[in-house]
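This report concerns only the one structure given below.
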Amino acid sequence: MNQPIQKSVTVLWLLVACCLCTILLLYFLQPPQRTALESLSQVDEIILKTVQPYSLMQGNSSRIQTTDVDSLFNRKTYFFSTERGLPATKIHADLAFLLQPYQIQLYGSRQFPENILHIDMLYSGKLIRTLIFEPVRPGTTQSVPNNTTNR
């Protein structure tokens, strides 16, 4: 009869210890840094710096399409032709880490069986940029869709 009470007391002390640890962590951890986004060109620079190590901006492997949304805002879509084995999810994670201080949210989706990765970037609920990574099909040349403009 004494053993169930002893187990309850042990569980209670563990619960209290967890609550104390949580309070200490919340007190001592700094909130994430927030950086003001001055212009969308900052986002473009981060995108270009992130894809640069993978040589995605060379030759016919990339295009940038600009769509006018209204008189003050245009949205860019980046198209990348990628080699098999390119770590597109690593690029997605790197971009999410670099854009997090600007409060830009990234949402990725993969289209099967083509294995096309779409990454949408939202700022204040507005879609500002889209990145599309399309793998080169075997037996074709490396190029992106022709309906885009090179910028």
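The chains in the structure tokens are called A, B, ... from first to last as shown; in each chain the residues are counted from 1, and the ligands are counted from 1 in the order shown.
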
Picked from chain A by DSSP as strand (DSSP E or B), as a PDB file with N, CA and C atoms, in the first residue's frame:
ATOM      1  N   SER A  62      19.129  28.642 -65.238  1.00  0.00           N
ATOM      2  CA  SER A  62      18.240  29.448 -64.400  1.00  0.00           C
ATOM      3  C   SER A  62      17.570  30.551 -65.204  1.00  0.00           C
ATOM      4  N   ARG A  63      16.394  30.916 -64.769  1.00  0.00           N
ATOM      5  CA  ARG A  63      15.646  32.040 -65.325  1.00  0.00           C
ATOM      6  C   ARG A  63      14.905  32.711 -64.176  1.00  0.00           C
ATOM      7  N   ILE A  64      14.625  33.985 -64.350  1.00  0.00           N
ATOM      8  CA  ILE A  64      13.835  34.726 -63.369  1.00  0.00           C
ATOM      9  C   ILE A  64      12.672  35.356 -64.115  1.00  0.00           C
ATOM     10  N   GLN A  65      11.466  35.052 -63.665  1.00  0.00           N
ATOM     11  CA  GLN A  65      10.264  35.621 -64.266  1.00  0.00           C
ATOM     12  C   GLN A  65       9.684  36.628 -63.285  1.00  0.00           C
ATOM     13  N   THR A  66       9.391  37.820 -63.772  1.00  0.00           N
ATOM     14  CA  THR A  66       8.804  38.859 -62.933  1.00  0.00           C
ATOM     15  C   THR A  66       7.349  39.058 -63.334  1.00  0.00           C
ATOM     16  N   THR A  67       6.457  39.025 -62.349  1.00  0.00           N
ATOM     17  CA  THR A  67       5.031  39.212 -62.575  1.00  0.00           C
ATOM     18  C   THR A  67       4.595  40.453 -61.820  1.00  0.00           C
ATOM     19  N   ASP A  68       4.018  41.412 -62.531  1.00  0.00           N
ATOM     20  CA  ASP A  68       3.501  42.621 -61.888  1.00  0.00           C
ATOM     21  C   ASP A  68       2.180  42.290 -61.207  1.00  0.00           C
ATOM     22  N   ASN A  74       5.901  43.728 -57.527  1.00  0.00           N
ATOM     23  CA  ASN A  74       6.041  42.641 -58.490  1.00  0.00           C
ATOM     24  C   ASN A  74       6.612  41.422 -57.791  1.00  0.00           C
ATOM     25  N   ARG A  75       6.233  40.273 -58.283  1.00  0.00           N
ATOM     26  CA  ARG A  75       6.629  38.998 -57.684  1.00  0.00           C
ATOM     27  C   ARG A  75       7.585  38.304 -58.638  1.00  0.00           C
ATOM     28  N   LYS A  76       8.669  37.768 -58.081  1.00  0.00           N
ATOM     29  CA  LYS A  76       9.641  37.049 -58.900  1.00  0.00           C
ATOM     30  C   LYS A  76       9.500  35.553 -58.680  1.00  0.00           C
ATOM     31  N   THR A  77       9.648  34.826 -59.776  1.00  0.00           N
ATOM     32  CA  THR A  77       9.703  33.367 -59.718  1.00  0.00           C
ATOM     33  C   THR A  77      11.044  32.957 -60.294  1.00  0.00           C
ATOM     34  N   TYR A  78      11.809  32.221 -59.509  1.00  0.00           N
ATOM     35  CA  TYR A  78      13.115  31.715 -59.930  1.00  0.00           C
ATOM     36  C   TYR A  78      12.932  30.271 -60.403  1.00  0.00           C
ATOM     37  N   PHE A  79      13.396  29.983 -61.616  1.00  0.00           N
ATOM     38  CA  PHE A  79      13.376  28.625 -62.152  1.00  0.00           C
ATOM     39  C   PHE A  79      14.812  28.121 -62.209  1.00  0.00           C
ATOM     40  N   PHE A  80      15.046  26.942 -61.659  1.00  0.00           N
ATOM     41  CA  PHE A  80      16.382  26.342 -61.687  1.00  0.00           C
ATOM     42  C   PHE A  80      16.304  24.938 -62.267  1.00  0.00           C
ATOM     43  N   SER A  81      17.129  24.661 -63.262  1.00  0.00           N
ATOM     44  CA  SER A  81      17.316  23.300 -63.747  1.00  0.00           C
ATOM     45  C   SER A  81      18.439  22.704 -62.920  1.00  0.00           C
ATOM     46  N   THR A  82      18.184  21.576 -62.315  1.00  0.00           N
ATOM     47  CA  THR A  82      19.152  21.021 -61.375  1.00  0.00           C
ATOM     48  C   THR A  82      19.612  19.639 -61.819  1.00  0.00           C
ATOM     49  N   ILE A 104      10.123  35.956 -42.672  1.00  0.00           N
ATOM     50  CA  ILE A 104       9.667  35.417 -43.949  1.00  0.00           C
ATOM     51  C   ILE A 104       9.467  33.919 -43.758  1.00  0.00           C
ATOM     52  N   GLN A 105       8.287  33.459 -44.118  1.00  0.00           N
ATOM     53  CA  GLN A 105       7.958  32.043 -43.967  1.00  0.00           C
ATOM     54  C   GLN A 105       8.161  31.336 -45.300  1.00  0.00           C
ATOM     55  N   LEU A 106       8.704  30.128 -45.236  1.00  0.00           N
ATOM     56  CA  LEU A 106       8.914  29.320 -46.431  1.00  0.00           C
ATOM     57  C   LEU A 106       8.039  28.082 -46.372  1.00  0.00           C
ATOM     58  N   TYR A 107       7.407  27.793 -47.496  1.00  0.00           N
ATOM     59  CA  TYR A 107       6.591  26.597 -47.626  1.00  0.00           C
ATOM     60  C   TYR A 107       7.051  25.850 -48.865  1.00  0.00           C
ATOM     61  N   GLY A 108       7.398  24.595 -48.674  1.00  0.00           N
ATOM     62  CA  GLY A 108       7.878  23.788 -49.785  1.00  0.00           C
ATOM     63  C   GLY A 108       6.916  22.674 -50.108  1.00  0.00           C
ATOM     64  N   SER A 109       6.878  22.323 -51.393  1.00  0.00           N
ATOM     65  CA  SER A 109       6.095  21.170 -51.827  1.00  0.00           C
ATOM     66  C   SER A 109       6.845  20.505 -52.966  1.00  0.00           C
ATOM     67  N   ARG A 110       6.743  19.194 -53.006  1.00  0.00           N
ATOM     68  CA  ARG A 110       7.422  18.435 -54.048  1.00  0.00           C
ATOM     69  C   ARG A 110       6.366  17.775 -54.921  1.00  0.00           C
ATOM     70  N   GLN A 111       6.528  17.951 -56.229  1.00  0.00           N
ATOM     71  CA  GLN A 111       5.597  17.401 -57.203  1.00  0.00           C
ATOM     72  C   GLN A 111       6.163  16.083 -57.724  1.00  0.00           C
ATOM     73  N   ILE A 116       9.760  17.801 -58.857  1.00  0.00           N
ATOM     74  CA  ILE A 116       9.937  19.247 -58.912  1.00  0.00           C
ATOM     75  C   ILE A 116       9.648  19.832 -57.533  1.00  0.00           C
ATOM     76  N   LEU A 117      10.576  20.640 -57.028  1.00  0.00           N
ATOM     77  CA  LEU A 117      10.408  21.262 -55.717  1.00  0.00           C
ATOM     78  C   LEU A 117      10.004  22.718 -55.892  1.00  0.00           C
ATOM     79  N   HIS A 118       8.903  23.111 -55.259  1.00  0.00           N
ATOM     80  CA  HIS A 118       8.433  24.498 -55.235  1.00  0.00           C
ATOM     81  C   HIS A 118       8.653  25.032 -53.830  1.00  0.00           C
ATOM     82  N   ILE A 119       9.278  26.202 -53.714  1.00  0.00           N
ATOM     83  CA  ILE A 119       9.423  26.870 -52.423  1.00  0.00           C
ATOM     84  C   ILE A 119       8.773  28.241 -52.541  1.00  0.00           C
ATOM     85  N   ASP A 120       7.732  28.464 -51.756  1.00  0.00           N
ATOM     86  CA  ASP A 120       7.044  29.749 -51.730  1.00  0.00           C
ATOM     87  C   ASP A 120       7.491  30.523 -50.510  1.00  0.00           C
ATOM     88  N   MET A 121       7.735  31.828 -50.691  1.00  0.00           N
ATOM     89  CA  MET A 121       8.150  32.709 -49.601  1.00  0.00           C
ATOM     90  C   MET A 121       7.037  33.713 -49.328  1.00  0.00           C
ATOM     91  N   LEU A 122       6.601  33.746 -48.070  1.00  0.00           N
ATOM     92  CA  LEU A 122       5.536  34.653 -47.680  1.00  0.00           C
ATOM     93  C   LEU A 122       6.058  35.656 -46.659  1.00  0.00           C
ATOM     94  N   TYR A 123       5.682  36.898 -46.875  1.00  0.00           N
ATOM     95  CA  TYR A 123       6.026  37.973 -45.936  1.00  0.00           C
ATOM     96  C   TYR A 123       4.733  38.711 -45.609  1.00  0.00           C
ATOM     97  N   LYS A 126       1.769  37.686 -47.621  1.00  0.00           N
ATOM     98  CA  LYS A 126       1.788  37.954 -49.064  1.00  0.00           C
ATOM     99  C   LYS A 126       2.895  37.133 -49.720  1.00  0.00           C
ATOM    100  N   LEU A 127       2.557  36.453 -50.819  1.00  0.00           N
ATOM    101  CA  LEU A 127       3.544  35.682 -51.569  1.00  0.00           C
ATOM    102  C   LEU A 127       4.494  36.646 -52.267  1.00  0.00           C
ATOM    103  N   ILE A 128       5.787  36.579 -51.915  1.00  0.00           N
ATOM    104  CA  ILE A 128       6.745  37.527 -52.486  1.00  0.00           C
ATOM    105  C   ILE A 128       7.702  36.884 -53.493  1.00  0.00           C
ATOM    106  N   ARG A 129       8.052  35.616 -53.295  1.00  0.00           N
ATOM    107  CA  ARG A 129       8.991  34.935 -54.185  1.00  0.00           C
ATOM    108  C   ARG A 129       8.611  33.462 -54.265  1.00  0.00           C
ATOM    109  N   THR A 130       8.929  32.854 -55.411  1.00  0.00           N
ATOM    110  CA  THR A 130       8.775  31.415 -55.598  1.00  0.00           C
ATOM    111  C   THR A 130      10.039  30.885 -56.241  1.00  0.00           C
ATOM    112  N   LEU A 131      10.526  29.770 -55.727  1.00  0.00           N
ATOM    113  CA  LEU A 131      11.681  29.093 -56.318  1.00  0.00           C
ATOM    114  C   LEU A 131      11.196  27.731 -56.799  1.00  0.00           C
ATOM    115  N   ILE A 132      11.557  27.387 -58.036  1.00  0.00           N
ATOM    116  CA  ILE A 132      11.169  26.099 -58.603  1.00  0.00           C
ATOM    117  C   ILE A 132      12.437  25.384 -59.042  1.00  0.00           C
ATOM    118  N   PHE A 133      12.670  24.220 -58.453  1.00  0.00           N
ATOM    119  CA  PHE A 133      13.832  23.383 -58.782  1.00  0.00           C
ATOM    120  C   PHE A 133      13.333  22.191 -59.575  1.00  0.00           C
ATOM    121  N   GLU A 134      13.697  22.160 -60.866  1.00  0.00           N
ATOM    122  CA  GLU A 134      13.264  21.069 -61.729  1.00  0.00           C
ATOM    123  C   GLU A 134      14.477  20.275 -62.184  1.00  0.00           C
ATOM    124  N   PRO A 135      14.504  18.978 -61.891  1.00  0.00           N
ATOM    125  CA  PRO A 135      15.668  18.176 -62.291  1.00  0.00           C
ATOM    126  C   PRO A 135      15.726  17.999 -63.808  1.00  0.00           C
TER     127      PRO A 135
END

### Query
Using only C-alpha atoms, which residue out of A:Asp70, A:Asp94, A:Glu114, A:Glu83 lies closest to Lys49 in chain A?
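Using only C-alpha atoms, Lys49 in chain A sits closest to A:Asp94.
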
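Residue nearest Asp44 in chain A within the list A:Leu98, A:Cys21, A:Arg137, A:Gly125: A:Leu98 [criterion: smallest interatomic distance, only C-alpha atoms].
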
#### Entry: DSSP-assigned helix (DSSP H, G or I) among range 10-151 of chain A, expressed as number ranges by chain
A: 10-28, 40-54, 59-61, 88-102

Would you save the residues of that selection, restricted to C-alpha atoms, as a PDB file, in the first residue's frame?
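Printed below is again.pdb as written:
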ATOM      1  CA  THR A  10       8.318  10.544  -7.295  1.00  0.00           C
ATOM      2  CA  VAL A  11       6.207  11.476 -10.333  1.00  0.00           C
ATOM      3  CA  LEU A  12       5.150  14.697  -8.603  1.00  0.00           C
ATOM      4  CA  TRP A  13       8.794  15.679  -7.934  1.00  0.00           C
ATOM      5  CA  LEU A  14       9.730  14.925 -11.538  1.00  0.00           C
ATOM      6  CA  LEU A  15       6.858  17.126 -12.712  1.00  0.00           C
ATOM      7  CA  VAL A  16       7.973  19.968 -10.436  1.00  0.00           C
ATOM      8  CA  ALA A  17      11.576  19.607 -11.681  1.00  0.00           C
ATOM      9  CA  CYS A  18      10.402  19.773 -15.310  1.00  0.00           C
ATOM     10  CA  CYS A  19       8.367  22.896 -14.577  1.00  0.00           C
ATOM     11  CA  LEU A  20      11.368  24.556 -12.917  1.00  0.00           C
ATOM     12  CA  CYS A  21      13.611  23.685 -15.876  1.00  0.00           C
ATOM     13  CA  THR A  22      11.038  25.153 -18.255  1.00  0.00           C
ATOM     14  CA  ILE A  23      10.841  28.379 -16.249  1.00  0.00           C
ATOM     15  CA  LEU A  24      14.640  28.697 -16.187  1.00  0.00           C
ATOM     16  CA  LEU A  25      14.920  28.094 -19.935  1.00  0.00           C
ATOM     17  CA  LEU A  26      12.236  30.654 -20.714  1.00  0.00           C
ATOM     18  CA  TYR A  27      13.880  33.191 -18.437  1.00  0.00           C
ATOM     19  CA  PHE A  28      17.462  32.829 -19.702  1.00  0.00           C
ATOM     20  CA  LEU A  40      12.672  42.789 -51.432  1.00  0.00           C
ATOM     21  CA  SER A  41      16.103  43.092 -53.020  1.00  0.00           C
ATOM     22  CA  GLN A  42      17.467  41.828 -49.677  1.00  0.00           C
ATOM     23  CA  VAL A  43      15.532  38.607 -50.250  1.00  0.00           C
ATOM     24  CA  ASP A  44      16.919  38.362 -53.795  1.00  0.00           C
ATOM     25  CA  GLU A  45      20.474  38.753 -52.476  1.00  0.00           C
ATOM     26  CA  ILE A  46      19.945  35.987 -49.919  1.00  0.00           C
ATOM     27  CA  ILE A  47      18.506  33.697 -52.599  1.00  0.00           C
ATOM     28  CA  LEU A  48      21.461  34.320 -54.918  1.00  0.00           C
ATOM     29  CA  LYS A  49      24.018  33.809 -52.138  1.00  0.00           C
ATOM     30  CA  THR A  50      22.328  30.562 -51.124  1.00  0.00           C
ATOM     31  CA  VAL A  51      22.251  29.009 -54.610  1.00  0.00           C
ATOM     32  CA  GLN A  52      25.698  30.333 -55.632  1.00  0.00           C
ATOM     33  CA  PRO A  53      27.711  27.366 -54.222  1.00  0.00           C
ATOM     34  CA  TYR A  54      25.657  25.029 -56.431  1.00  0.00           C
ATOM     35  CA  GLY A  59      24.318  29.337 -68.337  1.00  0.00           C
ATOM     36  CA  ASN A  60      20.853  28.100 -69.217  1.00  0.00           C
ATOM     37  CA  SER A  61      20.238  26.532 -65.826  1.00  0.00           C
ATOM     38  CA  ALA A  88      17.316  21.144 -52.813  1.00  0.00           C
ATOM     39  CA  THR A  89      15.949  20.436 -49.344  1.00  0.00           C
ATOM     40  CA  LYS A  90      19.252  21.686 -47.889  1.00  0.00           C
ATOM     41  CA  ILE A  91      18.842  24.880 -49.919  1.00  0.00           C
ATOM     42  CA  HIS A  92      15.304  25.123 -48.518  1.00  0.00           C
ATOM     43  CA  ALA A  93      16.600  24.709 -44.946  1.00  0.00           C
ATOM     44  CA  ASP A  94      19.426  27.231 -45.496  1.00  0.00           C
ATOM     45  CA  LEU A  95      16.993  29.787 -46.890  1.00  0.00           C
ATOM     46  CA  ALA A  96      14.578  29.238 -43.997  1.00  0.00           C
ATOM     47  CA  PHE A  97      17.416  29.815 -41.513  1.00  0.00           C
ATOM     48  CA  LEU A  98      18.675  32.970 -43.277  1.00  0.00           C
ATOM     49  CA  LEU A  99      15.217  34.474 -43.816  1.00  0.00           C
ATOM     50  CA  GLN A 100      13.840  33.704 -40.351  1.00  0.00           C
ATOM     51  CA  PRO A 101      15.072  37.000 -38.796  1.00  0.00           C
ATOM     52  CA  TYR A 102      13.076  38.870 -41.476  1.00  0.00           C
TER      53      TYR A 102
END

## Note on the structure
Counting only C-alpha atoms, the residue among A:Leu56, A:Val69, A:Leu29, A:Ile5 that lies closest to Pro87 in chain A is A:Leu56

### Query
Which one is closest to Ser39 in chain A: A:Phe73, A:Val136, A:Ser55, A:Lys7? Count only C-alpha atoms.
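Of the candidates, the smallest distance to Ser39 in chain A is held by A:Phe73.
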
### Query
When distances are computed from only C-alpha atoms, which of A:Gln103, A:Ser71, A:Asn2, A:Ser8 shows the smallest separation from Pro32 in chain A?
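Answer, going by the shortest atom-to-atom distance: A:Gln103.
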
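Here CA of Ala36 in chain A is placed at a distance of 12.1 Å from CA of Ser124 in chain A.
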